[in-house]
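Taking it in order: structure first as structure tokens, then the write-up.
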Amino acid sequence: MHRLLFLFAGLLLLPACSKERRSNRAGHKMQDFIVAISDYAKSKDPDFAIIPQNGAELLFTNLDSEEALNDRLVNAIDGVGVEELFYNGVFEADDYRLQMLLKAKTRVPVFVADYVTSDADMAQAFQYNTDTGFRAFPRSSANYDYLQIPSTVFHENANNITKLSETQNYLYLISSGGYADKESFLAAIRQTNFDLVIIDAFFGDDWLTAADVQSLKTKANGGTRMVVAYMNVGAAESYRYYWQDDWKLHKPRWLKKEYDGYADEIWVKYWKKEWEEIIYGNDNSYTKHLIDAGFDGAYLDNVEAFYFLYYDD
């Protein structure tokens, strides 16, 4: 799901104060959370890829892009995703994040989902990402919410893809609402030659099966590819399997506040044990479901939740 960046740099430049310290600690807690998810997943499947989306400050020591990359965090992930880096409707390159991602690129591949309102800008969006060594998925107004499969594949190839560093392109398709049934959805993906496919782990209310996922791991041209599942780790979604109906009346304290613009989502205190247990660490956790279904990794959305929450115990 797309997430616009809210600048965090200004907060880090404020004079030291209680709110700043709590916000910094919230960022450190997110770093811990990502590392813990990775440690758990890789204990089950050493090749399971972890790709956080947005929140680029997390890649750095003390959340400060002027400091060194945070080895503990960077060593735990296999790539990093970002939205609206060069285009946010129109060309509007975000140099603040660009400089961070250029540093990160020396260690992990970068996946950029730009948003262009003019089809004429599509080729240039690809070019900007090619020039910087990033993987590109520019999307048009009709595909703002990652609903469609583009008709062409940039840098199309028949290579066998076994790790993210080998990818040259990717498909970001996290809504299946445009398809009448699961088989139509899966068949549409099978007919493509994307090196990496990022999809939701569900079709409707049902988990994709291991057979479903395995059927997507071969490109139409015969090359193998990776299939990664979207997982929202910074906000709870009221349509997911873990949601309990009585939370509407008796909201757990770790459900923090509504996510503006997304009626079905609530920011969470991701450092709380209750949320951690939903995401990883046990056989009913989201991450374990993804591993059991044979996904090659998880695309972690809303890691930038620390922009909006102050840490408390």
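Lettering and numbering for the structure tokens are positional, with chains as A, B, ... in the shown order, residues counted from 1 in each chain, and ligands counted from 1 in the shown order.
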Non-local contacts of segment 165-177 of chain A (9 Å; only C-alpha atoms; under 6 positions in same chain excluded) as an NGL selection string: :A and (1 or 78-79 or 108-109 or 111 or 113 or 134-137 or 145-150 or 153-157 or 159 or 185 or 194-204 or 225-226 or 229-230)
Please produce a file of the residues just selected, as a compact mmCIF listing (two decimals), in the first residue's frame, where the atoms kept are C-alpha atoms.
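Output below, filename result_19.txt:
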```txt
# COMPACT_ATOMS: atom_id res chain seq x y z
CA MET A 1 0.00 0.00 0.00
CA ASP A 78 17.99 -7.96 2.00
CA GLY A 79 16.69 -4.86 0.25
CA VAL A 108 21.39 -3.75 -0.42
CA PRO A 109 19.27 -3.32 -3.58
CA PHE A 111 13.26 -0.78 -5.04
CA ALA A 113 7.77 2.79 -6.63
CA PHE A 134 17.75 1.30 -8.38
CA ARG A 135 14.97 -1.10 -9.47
CA ALA A 136 11.96 0.81 -10.75
CA PHE A 137 8.21 0.35 -10.62
CA ASP A 145 -3.00 1.71 -5.33
CA TYR A 146 -1.00 -1.07 -7.01
CA LEU A 147 -4.02 -2.67 -8.67
CA GLN A 148 -2.72 -3.43 -12.15
CA ILE A 149 -0.03 -5.38 -13.97
CA PRO A 150 1.88 -3.17 -16.46
CA VAL A 153 8.54 -5.29 -18.25
CA PHE A 154 11.52 -2.96 -17.97
CA HIS A 155 14.86 -4.77 -18.41
CA GLU A 156 12.98 -7.97 -19.24
CA ASN A 157 15.15 -11.08 -19.10
CA ASN A 159 17.56 -15.12 -16.03
CA PHE A 185 -5.36 -13.47 -10.49
CA PHE A 194 8.99 -9.88 -13.79
CA ASP A 195 12.04 -10.94 -11.77
CA LEU A 196 10.35 -10.18 -8.46
CA VAL A 197 6.65 -10.21 -7.62
CA ILE A 198 5.37 -8.43 -4.49
CA ILE A 199 1.79 -9.44 -3.69
CA ASP A 200 -0.57 -9.70 -0.75
CA ALA A 201 -0.56 -13.08 0.95
CA PHE A 202 -4.34 -13.29 0.66
CA PHE A 203 -6.89 -13.53 -2.09
CA GLY A 204 -9.95 -12.03 -0.46
CA ARG A 225 11.76 -15.55 -9.99
CA MET A 226 11.13 -14.55 -6.40
CA ALA A 229 4.51 -11.07 0.42
CA TYR A 230 3.35 -7.66 1.59
```
Interatomic distance, atom CA of Gly81 of chain A to atom CA of Ala210 of chain A (Å, one decimal): 25.0 Å
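The residue set within 10 Å of segment 251-254 of chain A, counting only C-alpha atoms and dropping same-chain residues fewer than 6 places from it, reads Gln244, Asp245, Ile266, Trp267, Val268, Lys269, Tyr270, Trp271, Lys272, Lys273, Glu274 and Trp275 of chain A.
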For Leu58 of chain A, the nearest of the candidates A:Asp260, A:Asp45, A:Asp32, A:Asp283, counting only C-alpha atoms: A:Asp32
For Gly222 of chain A: contacts at 9 Å, only C-alpha atoms, fewer than 5 positions along chain excluded, given as a PyMOL selection string: chain A and resi 158-160+193
How would the residues just chosen look if you wrote them out with C-alpha atoms as a compact mmCIF listing (two decimals), in the first residue's frame?
```txt
# COMPACT_ATOMS: atom_id res chain seq x y z
CA ALA A 158 15.01 -14.88 -18.85
CA ASN A 159 17.56 -15.12 -16.03
CA ASN A 160 17.01 -17.41 -13.07
CA ASN A 193 8.33 -11.98 -16.90
```
Among the residues A:Ile34, A:Leu85, A:Leu249, A:Leu216, the one that comes closest to Phe295 of chain A [using only C-alpha atoms]: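 Counting only C-alpha atoms, the residue closest to Phe295 of chain A is A:Leu216.
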Exercise: Tyr239 of chain A partners within 8 Å, only C-alpha atoms, chain neighbours under 4 positions left out, as a PyMOL selection string: chain A and resi 205+243+264
Emit the selected residues as a PDB file, in the first residue's frame, including C-alpha atoms.
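Final output, saved to again_39.pdb:
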```pdb
ATOM      1  CA  ASP A 205     -10.073 -13.422   3.061  1.00  0.00           C
ATOM      2  CA  TRP A 243      -8.462  -8.795  14.097  1.00  0.00           C
ATOM      3  CA  ASP A 264      -9.406   0.076   8.068  1.00  0.00           C
TER       4      ASP A 264
END
```
Contacts of Tyr96 of chain A within 10 Å, only C-alpha atoms, excl. fewer than 2 positions in-chain, as a list of chain:residue names: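 Near Tyr96 of chain A, the qualifying residues are A:Leu7, A:Ala9, A:Ala56, A:Ser65, A:Leu85, A:Ala93, A:Asp94, A:Leu98, A:Gln99, A:Met100, A:Leu101.
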Point-to-point distance in Å for atom CA of Thr132 of chain A and atom CA of Thr218 of chain A: 28.1 Å
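Shell of Tyr115 of chain A at 8 Å, with only C-alpha atoms counted and residues fewer than 2 places along the chain excluded, is Glu83, Glu84, Tyr87, Asn88, Gly89, Val90, Ala113, Thr117, Pro138, Arg139, Ser140, Ser141 and Tyr144 of chain A.
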Residues flagged strand (DSSP E) by DSSP in segment 10-122 of chain A, as a ChimeraX atom specification: /A:49-52,80-91,110-116
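Using only C-alpha atoms, the nearest neighbour of Asn62 of chain A within the list A:Ser43, A:Met30, A:Asp119, A:Phe48 is A:Met30.
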Using only C-alpha atoms: which of A:Tyr307, A:Tyr40, A:Tyr299, A:Tyr280 has the shortest distance to Val80 of chain A: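 Closest residue, counting only C-alpha atoms: A:Tyr299.
Comparing the minimum interatomic distances between Leu59 of chain A and each of A:Gly27, A:Gly281, A:Ile161, A:Leu309, counting only C-alpha atoms, we find that A:Gly27 sits nearest.
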Closest of A:Asp301, A:Glu265, A:Asp121, A:Asp312 to Ala236 of chain A - atom-to-atom distances counting only C-alpha atoms: A:Glu265
Give me, as a PDB file with N, CA and C atoms, in the first residue's frame, the residues of segment 153-205 of chain A that a backbone DSSP run labels alpha helix (DSSP H).
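And here is the file that came out, states.pdb:
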```
ATOM      1  N   LYS A 182      -9.506 -16.317  -7.785  1.00  0.00           N
ATOM      2  CA  LYS A 182      -8.085 -16.497  -7.486  1.00  0.00           C
ATOM      3  C   LYS A 182      -7.315 -17.013  -8.689  1.00  0.00           C
ATOM      4  N   GLU A 183      -7.873 -17.935  -9.426  1.00  0.00           N
ATOM      5  CA  GLU A 183      -7.152 -18.511 -10.555  1.00  0.00           C
ATOM      6  C   GLU A 183      -6.873 -17.459 -11.618  1.00  0.00           C
ATOM      7  N   SER A 184      -7.809 -16.553 -11.846  1.00  0.00           N
ATOM      8  CA  SER A 184      -7.587 -15.473 -12.812  1.00  0.00           C
ATOM      9  C   SER A 184      -6.439 -14.570 -12.355  1.00  0.00           C
ATOM     10  N   PHE A 185      -6.418 -14.293 -11.077  1.00  0.00           N
ATOM     11  CA  PHE A 185      -5.358 -13.471 -10.490  1.00  0.00           C
ATOM     12  C   PHE A 185      -3.992 -14.138 -10.657  1.00  0.00           C
ATOM     13  N   LEU A 186      -3.903 -15.402 -10.289  1.00  0.00           N
ATOM     14  CA  LEU A 186      -2.634 -16.124 -10.390  1.00  0.00           C
ATOM     15  C   LEU A 186      -2.194 -16.276 -11.847  1.00  0.00           C
ATOM     16  N   ALA A 187      -3.143 -16.559 -12.724  1.00  0.00           N
ATOM     17  CA  ALA A 187      -2.813 -16.741 -14.140  1.00  0.00           C
ATOM     18  C   ALA A 187      -2.255 -15.469 -14.744  1.00  0.00           C
ATOM     19  N   ALA A 188      -2.789 -14.318 -14.350  1.00  0.00           N
ATOM     20  CA  ALA A 188      -2.295 -13.047 -14.883  1.00  0.00           C
ATOM     21  C   ALA A 188      -0.849 -12.810 -14.493  1.00  0.00           C
ATOM     22  N   ILE A 189      -0.479 -13.192 -13.289  1.00  0.00           N
ATOM     23  CA  ILE A 189       0.909 -13.039 -12.838  1.00  0.00           C
ATOM     24  C   ILE A 189       1.811 -14.034 -13.548  1.00  0.00           C
ATOM     25  N   ARG A 190       1.344 -15.264 -13.699  1.00  0.00           N
ATOM     26  CA  ARG A 190       2.154 -16.302 -14.351  1.00  0.00           C
ATOM     27  C   ARG A 190       2.539 -15.903 -15.776  1.00  0.00           C
TER      28      ARG A 190
END
```
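Taking atom CA of Leu73 of chain A and atom CA of Leu255 of chain A as the two end points, the separation is 25.2 Å.
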